[in-house]
Structure formats: C-alpha cells, structure tokens
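Source file: data_26.txt; contents: compact mmCIF, C-alpha atoms.
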```
# COMPACT_ATOMS: atom_id res chain seq x y z
CA MET P 1 -17.88 -22.33 14.33
CA VAL P 2 -17.96 -18.52 14.03
CA PRO P 3 -14.34 -18.22 12.74
CA VAL P 4 -15.02 -20.93 10.16
CA LEU P 5 -18.14 -19.18 8.84
CA LEU P 6 -16.31 -15.85 8.65
CA ALA P 7 -13.38 -17.53 6.89
CA VAL P 8 -15.86 -18.34 4.11
CA LEU P 9 -17.90 -15.14 4.18
CA VAL P 10 -14.96 -12.69 4.10
CA PRO P 11 -13.38 -13.84 0.80
CA LEU P 12 -16.84 -14.30 -0.73
CA SER P 13 -17.77 -10.73 0.23
CA ALA P 14 -14.52 -9.26 -1.09
CA LEU P 15 -14.71 -11.11 -4.41
CA SER P 16 -18.38 -10.27 -4.95
CA ALA P 17 -17.83 -6.56 -4.35
CA TRP P 18 -14.70 -6.61 -6.53
CA VAL P 19 -16.50 -8.16 -9.50
CA ASP P 20 -19.41 -5.75 -9.29
CA LEU P 21 -17.52 -2.54 -8.49
CA GLU P 22 -14.28 -2.98 -10.47
CA ILE P 23 -14.43 -5.72 -13.08
CA ASP P 24 -17.89 -4.72 -14.30
CA ASP P 25 -17.09 -0.99 -14.32
CA THR P 26 -15.25 0.12 -17.46
CA ASN P 27 -13.73 3.28 -15.98
CA ARG P 28 -12.41 1.48 -12.89
CA TYR P 29 -11.08 -1.33 -15.05
CA VAL P 30 -9.18 1.06 -17.31
CA ALA P 31 -7.90 3.04 -14.31
CA ALA P 32 -6.56 -0.19 -12.77
CA VAL P 33 -4.57 -1.24 -15.83
CA ALA P 34 -3.54 2.24 -17.06
CA PRO P 35 -0.28 2.28 -15.02
CA LEU P 36 0.81 -0.90 -16.81
CA ALA P 37 1.76 1.17 -19.84
CA SER P 38 5.06 1.80 -18.03
CA ASP P 39 5.46 -1.76 -16.74
CA PRO P 40 8.63 -3.40 -18.21
CA GLU P 41 6.91 -6.78 -18.65
CA VAL P 42 4.01 -5.23 -20.55
CA ARG P 43 6.25 -3.07 -22.72
CA THR P 44 8.42 -6.07 -23.61
CA THR P 45 5.40 -8.25 -24.39
CA VAL P 46 3.90 -5.57 -26.65
CA ALA P 47 7.21 -5.06 -28.46
CA ASP P 48 7.68 -8.81 -28.94
CA GLN P 49 4.19 -9.35 -30.30
CA ILE P 50 4.32 -6.46 -32.78
CA THR P 51 7.84 -7.35 -33.90
CA ASP P 52 6.97 -11.01 -34.47
CA ALA P 53 3.87 -10.12 -36.50
CA THR P 54 5.79 -7.57 -38.57
CA MET P 55 8.78 -9.79 -39.36
CA LYS P 56 6.42 -12.37 -40.88
CA GLN P 57 5.74 -9.78 -43.59
CA ILE P 58 9.36 -8.70 -44.15
CA ASP P 59 12.11 -10.54 -45.98
CA ALA P 60 15.37 -8.68 -45.48
CA GLY P 61 17.61 -11.56 -46.54
CA PRO P 62 20.89 -11.70 -44.58
CA LEU P 63 19.85 -8.54 -42.70
CA GLN P 64 16.76 -10.22 -41.22
CA ASP P 65 18.13 -10.36 -37.68
CA VAL P 66 19.46 -6.80 -37.90
CA VAL P 67 16.10 -5.49 -39.07
CA ARG P 68 14.34 -7.47 -36.37
CA ASP P 69 16.52 -6.03 -33.60
CA PHE P 70 16.16 -2.51 -34.97
CA LEU P 71 12.36 -2.81 -35.23
CA HIS P 72 12.10 -4.31 -31.76
CA GLN P 73 14.05 -1.43 -30.25
CA ALA P 74 11.96 1.08 -32.19
CA VAL P 75 8.71 -0.40 -30.89
CA LEU P 76 10.12 -0.65 -27.37
CA SER P 77 11.11 3.01 -27.54
CA PHE P 78 7.60 3.93 -28.66
CA THR P 79 6.14 2.29 -25.54
CA THR P 80 7.75 5.03 -23.45
CA THR P 81 5.77 7.83 -25.15
CA ASP P 82 2.49 9.52 -24.24
CA ALA P 83 1.04 8.23 -27.50
CA PHE P 84 1.48 4.66 -26.27
CA GLN P 85 -0.24 5.51 -22.98
CA THR P 86 -3.22 6.86 -24.92
CA ALA P 87 -3.30 3.82 -27.18
CA TRP P 88 -2.94 1.50 -24.19
CA ASN P 89 -5.96 3.04 -22.47
CA ALA P 90 -7.96 2.75 -25.69
CA ILE P 91 -7.20 -0.93 -26.24
CA ASN P 92 -7.99 -1.76 -22.62
CA ARG P 93 -11.32 0.02 -22.85
CA THR P 94 -12.06 -2.24 -25.80
CA ALA P 95 -10.60 -5.23 -23.93
CA HIS P 96 -13.03 -4.63 -21.08
CA GLU P 97 -15.87 -5.35 -23.48
CA ALA P 98 -14.20 -8.69 -24.26
CA VAL P 99 -13.81 -9.41 -20.54
CA THR P 100 -17.47 -8.80 -19.76
CA ALA P 101 -18.57 -10.72 -22.87
CA ALA P 102 -16.43 -13.72 -21.97
CA LEU P 103 -17.40 -13.79 -18.30
CA HIS P 104 -21.11 -13.04 -18.72
CA GLY P 105 -21.78 -14.47 -22.19
CA ASN P 106 -22.72 -17.97 -23.24
CA ALA P 107 -20.01 -18.86 -25.76
CA GLY P 108 -16.52 -19.67 -24.57
CA GLU P 109 -14.01 -17.13 -25.81
CA ALA P 110 -10.54 -16.24 -24.61
CA VAL P 111 -10.04 -12.86 -22.93
CA THR P 112 -7.47 -10.96 -24.98
CA ILE P 113 -6.00 -7.51 -25.58
CA ASP P 114 -5.88 -6.51 -29.26
CA LEU P 115 -2.70 -4.57 -30.05
CA ALA P 116 -3.87 -3.28 -33.47
CA PRO P 117 -4.28 0.36 -32.26
CA VAL P 118 -0.76 0.28 -30.82
CA THR P 119 0.63 -1.22 -34.04
CA GLU P 120 -1.02 1.53 -36.05
CA GLN P 121 0.54 4.21 -33.86
CA VAL P 122 3.96 2.53 -34.10
CA LYS P 123 3.74 2.39 -37.90
CA LYS P 124 2.81 6.07 -38.18
CA ASN P 125 5.59 7.07 -35.82
CA LEU P 126 8.26 5.04 -37.67
CA GLU P 127 7.09 6.21 -41.10
CA LYS P 128 7.24 9.81 -39.92
CA ASN P 129 10.88 9.27 -38.91
CA GLY P 130 11.81 7.54 -42.16
CA VAL P 131 12.54 4.14 -40.67
CA PRO P 132 13.16 1.47 -43.37
CA PHE P 133 10.43 -1.15 -43.83
CA ALA P 134 8.06 0.86 -41.62
CA ASP P 135 5.50 1.00 -44.40
CA ARG P 136 5.42 -2.81 -44.45
CA ILE P 137 4.36 -3.15 -40.83
CA PRO P 138 0.95 -4.89 -40.94
CA VAL P 139 -1.83 -3.31 -38.91
CA GLN P 140 -3.62 -6.49 -37.92
CA HIS P 141 -5.14 -8.11 -34.88
CA THR P 142 -2.19 -9.02 -32.68
CA GLN P 143 -3.45 -10.22 -29.32
CA ILE P 144 -2.17 -10.82 -25.82
CA THR P 145 -4.13 -13.62 -24.14
CA LEU P 146 -5.20 -12.87 -20.56
CA ILE P 147 -7.53 -15.81 -19.90
CA SER P 148 -7.80 -18.91 -22.08
CA ALA P 149 -11.19 -19.95 -23.49
CA ASP P 150 -11.32 -23.06 -21.29
CA ARG P 151 -10.55 -21.10 -18.15
CA ALA P 152 -13.09 -18.44 -19.08
CA ASP P 153 -15.74 -21.16 -19.35
CA GLN P 154 -14.83 -22.41 -15.89
CA LEU P 155 -14.95 -18.93 -14.37
CA ARG P 156 -18.14 -17.77 -16.07
CA GLN P 157 -20.70 -19.23 -13.64
CA THR P 158 -18.69 -18.11 -10.62
CA PHE P 159 -18.47 -14.55 -11.93
CA ARG P 160 -22.19 -14.47 -12.61
CA LEU P 161 -22.98 -15.44 -9.02
CA LEU P 162 -20.49 -12.96 -7.60
CA ARG P 163 -21.84 -10.19 -9.82
CA ALA P 164 -25.40 -10.91 -8.66
CA GLY P 165 -24.32 -10.71 -5.03
CA SER P 166 -22.68 -7.28 -5.41
CA VAL P 167 -22.06 -5.74 -1.95
CA LEU P 168 -24.81 -7.75 -0.21
CA PRO P 169 -22.44 -10.49 1.05
CA ALA P 170 -20.21 -7.81 2.59
CA VAL P 171 -23.15 -6.17 4.36
CA GLY P 172 -24.39 -9.57 5.53
CA THR P 173 -20.96 -10.46 6.89
CA VAL P 174 -20.77 -7.29 8.99
CA VAL P 175 -24.31 -7.79 10.30
CA PHE P 176 -23.51 -11.41 11.18
CA ALA P 177 -20.37 -10.37 13.10
CA VAL P 178 -22.27 -7.74 15.09
CA LEU P 179 -25.09 -10.17 15.91
CA VAL P 180 -22.60 -12.76 17.17
CA VAL P 181 -21.21 -10.28 19.70
CA VAL P 182 -24.61 -8.91 20.75
CA VAL P 183 -26.27 -12.32 21.13
CA ALA P 184 -23.32 -13.68 23.11
CA GLY P 185 -23.46 -10.74 25.53
CA VAL P 186 -27.25 -10.80 25.97
CA THR P 187 -27.37 -14.58 26.45
CA ALA P 188 -24.57 -14.57 29.02
CA ARG P 189 -26.16 -11.62 30.86
CA ALA P 190 -29.46 -13.47 31.10
CA ARG P 191 -27.77 -16.56 32.51
CA GLY P 192 -25.41 -14.70 34.82
CA GLY P 193 -28.11 -13.37 37.18
CA ARG P 194 -29.89 -16.62 38.06
CA PRO P 195 -30.70 -17.06 41.77
CA GLY P 196 -28.41 -19.25 43.79
CA ASN P 197 -25.09 -18.09 42.36
CA GLY P 198 -22.23 -17.06 44.58
CA HIS P 199 -22.56 -13.35 43.91
CA GLY P 200 -26.14 -13.22 45.15
CA THR P 201 -25.44 -14.97 48.47
CA ALA P 202 -22.49 -12.73 49.16
CA GLY P 203 -24.81 -9.76 49.48
CA ALA P 204 -26.76 -11.46 52.28
CA GLY P 205 -23.75 -11.36 54.60
CA ASP P 206 -24.46 -7.73 55.52
CA THR P 207 -27.86 -8.46 57.04
CA GLY P 208 -26.49 -8.15 60.55
CA ASN P 209 -25.65 -4.49 60.03
CA THR P 210 -29.22 -3.26 59.51
CA GLY P 211 -32.47 -3.22 61.36
CA ASP P 212 -34.29 -4.94 58.50
CA PRO P 213 -32.36 -8.12 57.74
CA GLY P 214 -34.84 -9.38 55.17
CA HIS P 215 -34.80 -6.16 53.17
CA ALA P 216 -31.01 -5.91 53.30
CA GLY P 217 -30.66 -9.52 52.19
CA ASN P 218 -32.92 -8.97 49.22
CA ALA P 219 -31.04 -5.82 48.27
CA GLY P 220 -27.75 -7.67 48.51
CA ASN P 221 -29.03 -10.48 46.34
CA ALA P 222 -30.36 -8.04 43.74
CA GLY P 223 -27.08 -6.14 43.66
CA GLY P 224 -25.12 -9.34 43.36
CA ARG P 225 -27.28 -10.60 40.52
CA THR P 226 -26.96 -7.28 38.67
CA SER P 227 -23.19 -7.34 38.98
CA ALA P 228 -23.10 -10.98 37.89
CA ARG P 229 -25.23 -10.28 34.84
CA GLY P 230 -23.10 -7.31 33.82
CA THR P 231 -19.87 -9.21 34.25
CA ALA P 232 -21.05 -12.32 32.44
CA GLY P 233 -22.38 -10.25 29.54
CA ALA P 234 -19.19 -8.23 29.20
CA GLU P 235 -16.94 -11.28 29.29
CA ALA P 236 -19.06 -13.15 26.77
CA ALA P 237 -19.16 -10.15 24.43
CA LEU P 238 -15.37 -9.81 24.60
CA ALA P 239 -14.90 -13.53 23.96
CA ALA P 240 -17.23 -13.32 20.95
CA THR P 241 -15.39 -10.24 19.69
CA ALA P 242 -12.10 -12.14 19.85
CA LEU P 243 -13.61 -14.98 17.82
CA VAL P 244 -15.02 -12.54 15.26
CA GLY P 245 -11.62 -10.88 14.87
CA LEU P 246 -10.00 -14.28 14.43
CA GLY P 247 -12.61 -15.18 11.81
CA PHE P 248 -11.90 -12.04 9.80
CA ALA P 249 -8.16 -12.73 9.96
CA LEU P 250 -8.68 -16.31 8.74
CA GLY P 251 -10.95 -15.05 5.96
CA ALA P 252 -8.24 -12.65 4.82
CA LEU P 253 -5.72 -15.50 4.64
CA VAL P 254 -8.19 -17.60 2.64
CA LEU P 255 -8.72 -14.69 0.22
CA ARG P 256 -4.98 -14.30 -0.24
CA ALA P 257 -4.61 -18.03 -0.91
CA VAL P 258 -7.47 -17.99 -3.44
CA LEU P 259 -5.83 -15.13 -5.34
CA ALA P 260 -2.49 -16.93 -5.47
CA ILE P 261 -4.01 -20.22 -6.64
CA ALA P 262 -6.16 -18.50 -9.28
CA ARG P 263 -3.13 -16.57 -10.56
CA ASN P 264 -1.09 -19.74 -11.02
CA ARG P 265 -3.88 -21.59 -12.80
CA ILE P 266 -4.76 -18.74 -15.14
CA LEU P 267 -1.16 -18.04 -16.14
CA ALA P 268 -0.46 -21.75 -16.65
CA GLU P 269 -2.89 -21.75 -19.58
CA VAL P 270 -1.63 -18.53 -21.18
CA PRO P 271 0.82 -18.85 -24.12
CA SER P 272 4.40 -18.52 -22.92
CA GLY P 273 5.00 -15.34 -24.91
CA ASP P 274 2.07 -13.62 -23.19
CA THR P 275 2.80 -14.73 -19.63
CA GLY P 276 4.65 -11.58 -18.55
CA GLY P 277 1.98 -9.20 -19.80
CA ALA P 278 -0.89 -11.36 -18.54
CA ALA P 279 0.71 -11.59 -15.08
CA ALA P 280 1.08 -7.81 -14.91
CA VAL P 281 -2.56 -7.28 -15.91
CA TYR P 282 -3.77 -9.90 -13.39
CA ASP P 283 -1.76 -8.31 -10.58
CA ALA P 284 -3.05 -4.85 -11.47
CA LEU P 285 -6.68 -5.95 -11.50
CA THR P 286 -6.38 -7.85 -8.20
CA GLY P 287 -4.33 -5.17 -6.46
CA SER P 288 -7.36 -3.88 -4.54
CA LEU P 289 -8.16 -7.41 -3.37
CA ARG P 290 -4.65 -7.95 -2.06
CA THR P 291 -4.83 -4.64 -0.21
CA THR P 292 -8.18 -5.66 1.24
CA ALA P 293 -6.77 -9.00 2.38
CA TRP P 294 -3.83 -7.45 4.25
CA THR P 295 -6.03 -4.72 5.77
CA VAL P 296 -8.64 -7.19 7.02
CA LEU P 297 -5.90 -9.49 8.34
CA GLY P 298 -4.32 -6.70 10.37
CA ALA P 299 -7.65 -5.40 11.65
CA GLY P 300 -8.85 -8.88 12.59
CA LEU P 301 -5.70 -9.70 14.56
CA ALA P 302 -5.82 -6.30 16.29
CA VAL P 303 -9.46 -6.82 17.33
CA THR P 304 -8.70 -10.30 18.64
CA LEU P 305 -5.70 -9.12 20.64
CA CYS P 306 -7.52 -6.13 22.13
CA ALA P 307 -10.52 -8.24 23.11
CA MET P 308 -8.32 -10.83 24.81
CA LEU P 309 -6.39 -8.17 26.74
CA ALA P 310 -9.60 -6.43 27.78
CA ARG P 311 -11.09 -9.69 28.98
CA ARG P 312 -8.04 -10.46 31.11
CA GLY P 313 -8.01 -7.18 32.95
CA GLY P 314 -8.27 -4.12 30.79
CA GLY P 315 -12.04 -4.07 30.24
CA PRO P 316 -15.21 -3.83 32.38
CA ALA P 317 -15.06 -7.48 33.38
CA GLY P 318 -11.46 -7.20 34.49
CA ALA P 319 -12.16 -4.02 36.46
CA TRP P 320 -15.14 -5.67 38.20
CA ARG P 321 -12.99 -8.65 39.18
CA ALA P 322 -10.35 -6.31 40.57
CA ARG P 323 -12.92 -4.45 42.72
CA ARG P 324 -14.43 -7.72 43.91
CA ALA P 325 -11.01 -9.10 44.85
CA ALA P 326 -10.27 -5.94 46.81
CA GLY P 327 -13.62 -6.12 48.61
CA ASP P 328 -13.28 -9.79 49.49
CA GLY P 329 -9.68 -9.53 50.65
CA PRO P 330 -8.36 -9.94 54.21
CA GLY P 331 -8.78 -6.25 55.00
CA HIS P 332 -12.46 -6.32 54.24
CA SER P 333 -13.04 -9.41 56.36
CA GLY P 334 -11.14 -7.84 59.22
CA SER P 335 -13.23 -4.68 59.25
CA ARG P 336 -16.39 -6.79 59.38
CA ASP P 337 -14.99 -8.68 62.41
CA CYS P 338 -14.20 -5.40 64.16
CA ARG P 339 -17.77 -4.16 63.75
CA ILE P 340 -19.10 -7.38 65.18
CA GLY P 341 -16.69 -7.18 68.07
CA ASP P 342 -17.72 -3.60 68.89
CA ASP P 343 -21.34 -4.68 69.19
```
Mind turning this structure into structure tokens?
Amino acid sequence: MVPVLLAVLVPLSALSAWVDLEIDDTNRYVAAVAPLASDPEVRTTVADQITDATMKQIDAGPLQDVVRDFLHQAVLSFTTTDAFQTAWNAINRTAHEAVTAALHGNAGEAVTIDLAPVTEQVKKNLEKNGVPFADRIPVQHTQITLISADRADQLRQTFRLLRAGSVLPAVGTVVFAVLVVVVAGVTARARGGRPGNGHGTAGAGDTGNTGDPGHAGNAGNAGGRTSARGTAGAEAALAATALVGLGFALGALVLRAVLAIARNRILAEVPSGDTGGAAAVYDALTGSLRTTAWTVLGAGLAVTLCAMLARRGGGPAGAWRARRAAGDGPGHSGSRDCRIGDD
C-alpha cells in the first residue's frame, strides 16, 4: 500500500512544485528556454516561418525559388547572432504571458510564440547589408504554436490545482515517508517485548547461577524483552524504509511516463511545421522534471537496497542476531554444563 501511495504522491509533488516555481515564474521560464536560441530545430522552425510569411508578399517571377532559398539562408544565418538571442529572450518573455493567460484564464487560447520581433530584426539586418527584397519583408505576427487551444482547455484545470498546491504536496510526501518508518518501528517495538516470547524465557535459564533465583529470572526476562523490542523495532523500520524507497522509485517511473505521454499528445495537435520548435521548447521546460525523475529513481533504489542489506546482516538487527547466535551456540551450552558439573 505504501509504495502505491508514494507512486501517486511523488509525481504529483514534482509537477506541483514545477508549475509554481518554474512555469509561473517569468525569469525561470525565460532562463529555461534561452538556450534554445542555438537549437537547430528552433532555428530551422524560425527561418521557415519567417521565410514562408515573407514569400507571400514577394513575386519574383521565375526567380521565386532562388529568392526563397537566399532569404531562408539569410534568416538562418541571422539566428546564429547575438541579436537573435536577445530577440529570442524578448519574445519568450512575452510568450510567458500567453502561457499563464492560457493556463490560468477562462477563454481557450492556443499557447504560441510570436516571431514579429525576430522578423523585425531580420529585416533591419538584411536592409543594412543591401539584400534585395529585404524592404518587402512584412513585420507581422508570425507564430509558432506550442499548445493547441483544445489542449490548453484540457490542461487548464489541472494546472490551476497544481499551482494552488505549490510545494505543499512535496512537503507532505516527505512527512508521510518519515511517519511510515517511525510508526512501523514504534509499533513493532511495542509488540516485540510482550511477555511469553522466546527471548524472555531464555533469560530465566541463568537462575541456577545466583543466590536469588527469582530476581535473576526477572532480570533475564526484562533483558530479553528489551532486546526483543529493540530488534523488532529495528527490523520493522528497515522493512518500512525499503518500502518507502521502492515507492519513491515507482513514483519517479510514473512521473517519467506522464511526461512522455503528455509530450506525445501535445505535439500531436501542433501544426506539422511547428513540431520541431514546439518539441524543443517542451523538452527545455520539462528538463528539470526529467532530472528530478532520474534522481528520485536512483535515490529510491539505493535506499531500498541499503535497507534490505542492513536488515539481512549489516544493521542493528543483523548484528543482534549474530550475537545471539554466538551466545546460543554449542560452545555456550558447553560452558554452562561445565559450571553445573563443577558444582
């Protein structure tokens, strides 16, 4: 039951914190997508969109294809400059407003990136270099679709809930995991020292070696019960820790699967010409989530493995069993027989 609950809580916690700390924060959003200015898919998508919009306004007759190729290469070359990086950051800062409006507003609108600032910079750059037809490049709203209007409508309510949760689900998940381990240990410790168990009666076997058999028997029982409680609590805590680690690992796998499914569905509704750029933006924005998933997966598996090894012999419970086995072995029994024989 614990691994199943954690498999739900872990992805919920990660997504809630991601929406509140990254998607809702303009500076973090821009910082996440800024490196895409040098991404080949993004550069090609930008060049294609600007070229297509421009060629609708140019009639070069038999040289139409030549002009198109020349313009496309010119725009593609511009995407390698610092000016494009500046323009890219500016349009994504504006795009973030569209993202928040679409995901937190009431009316369904597609999430897009408006390339008008980039087009304006391209036009100025080409005009400065005397490129033919540069003055006929239209500075208009040319957009790359990131999320369709229908998909934005479907995601809106989910994003609102995740945003409201913020980091609280993550805190709650950690508290729940700690409580599982603590409660398991305390409960097992309380049950492990009940009278009548084998550890308590073992202590009574030394009554013949003292002048006060009753007192020695009680002391043996008390010591046995204390050892039993400690051992039971330690073993239960380690078992619970292993389950918690497994739950975190399963949650990380669920998060990774959710990201992959969401990516496929979102890109399936994006126009074919925008798919490359939209995929690059999606991957950039979810990069921190993918890192979180792999980190939690590795940590969860490590915790599970360590807890299992400790329970089998490397931890307090294993050490206690080793000491008990040594004390109850043939050598111990023999020494007791010798003392009896000497009397």
* Asked: If I put a ball of radius 10 Å at (-2.9, -1.3, -24.9) in the file's coordinates, which residues poke into it when counting only C-alpha atoms, written as a ChimeraX atom specification?
  -> /P:33-34,36-37,42-43,46,79,84-95,113-119,143-144
For stretch 278-296 of chain P, what centre and edge lengths in Å (one decimal) does the axis-aligned box get once 3 Å is added on each side of all its listed atoms, as lines of an AutoDock Vina configuration file?
```
center_x = -3.8
center_y = -7.7
center_z = -5.8
size_x = 15.7
size_y = 13.7
size_z = 31.6
```
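Taking all atoms listed in the file into account, the polymer residues that have an atom no farther than 9 Å from (-4.0, -1.7, -42.1) are P:Ala116, P:Glu120, P:Ile137, P:Pro138, P:Val139, P:Gln140.
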Counting only C-alpha atoms, what is within 9 Å of P:Val258, bar same-chain residues fewer than 5 positions away, as a compact mmCIF listing (two decimals) with C-alpha atoms, in the coordinates of the input?
```txt
# COMPACT_ATOMS: atom_id res chain seq x y z
CA PRO P 11 -13.38 -13.84 0.80
CA LEU P 253 -5.72 -15.50 4.64
CA ARG P 263 -3.13 -16.57 -10.56
```
* To do: Please provide as a PyMOL selection string all residues within 10 Å of P:Val296, with the sequence filter that same-chain residues fewer than 3 positions apart are discarded (counting all atoms listed in the file).
  => chain P and resi 10+245+248-253+290-293+299-302
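Here atom CA of P:Leu6 and atom CA of P:Tyr29 stand 28.3 Å from one another.
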* To do: Tell me, in Å to one decimal, how far atom CA of P:Ala31 is from atom CA of P:Ala284.
  =>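 These two atoms are separated by 9.7 Å.
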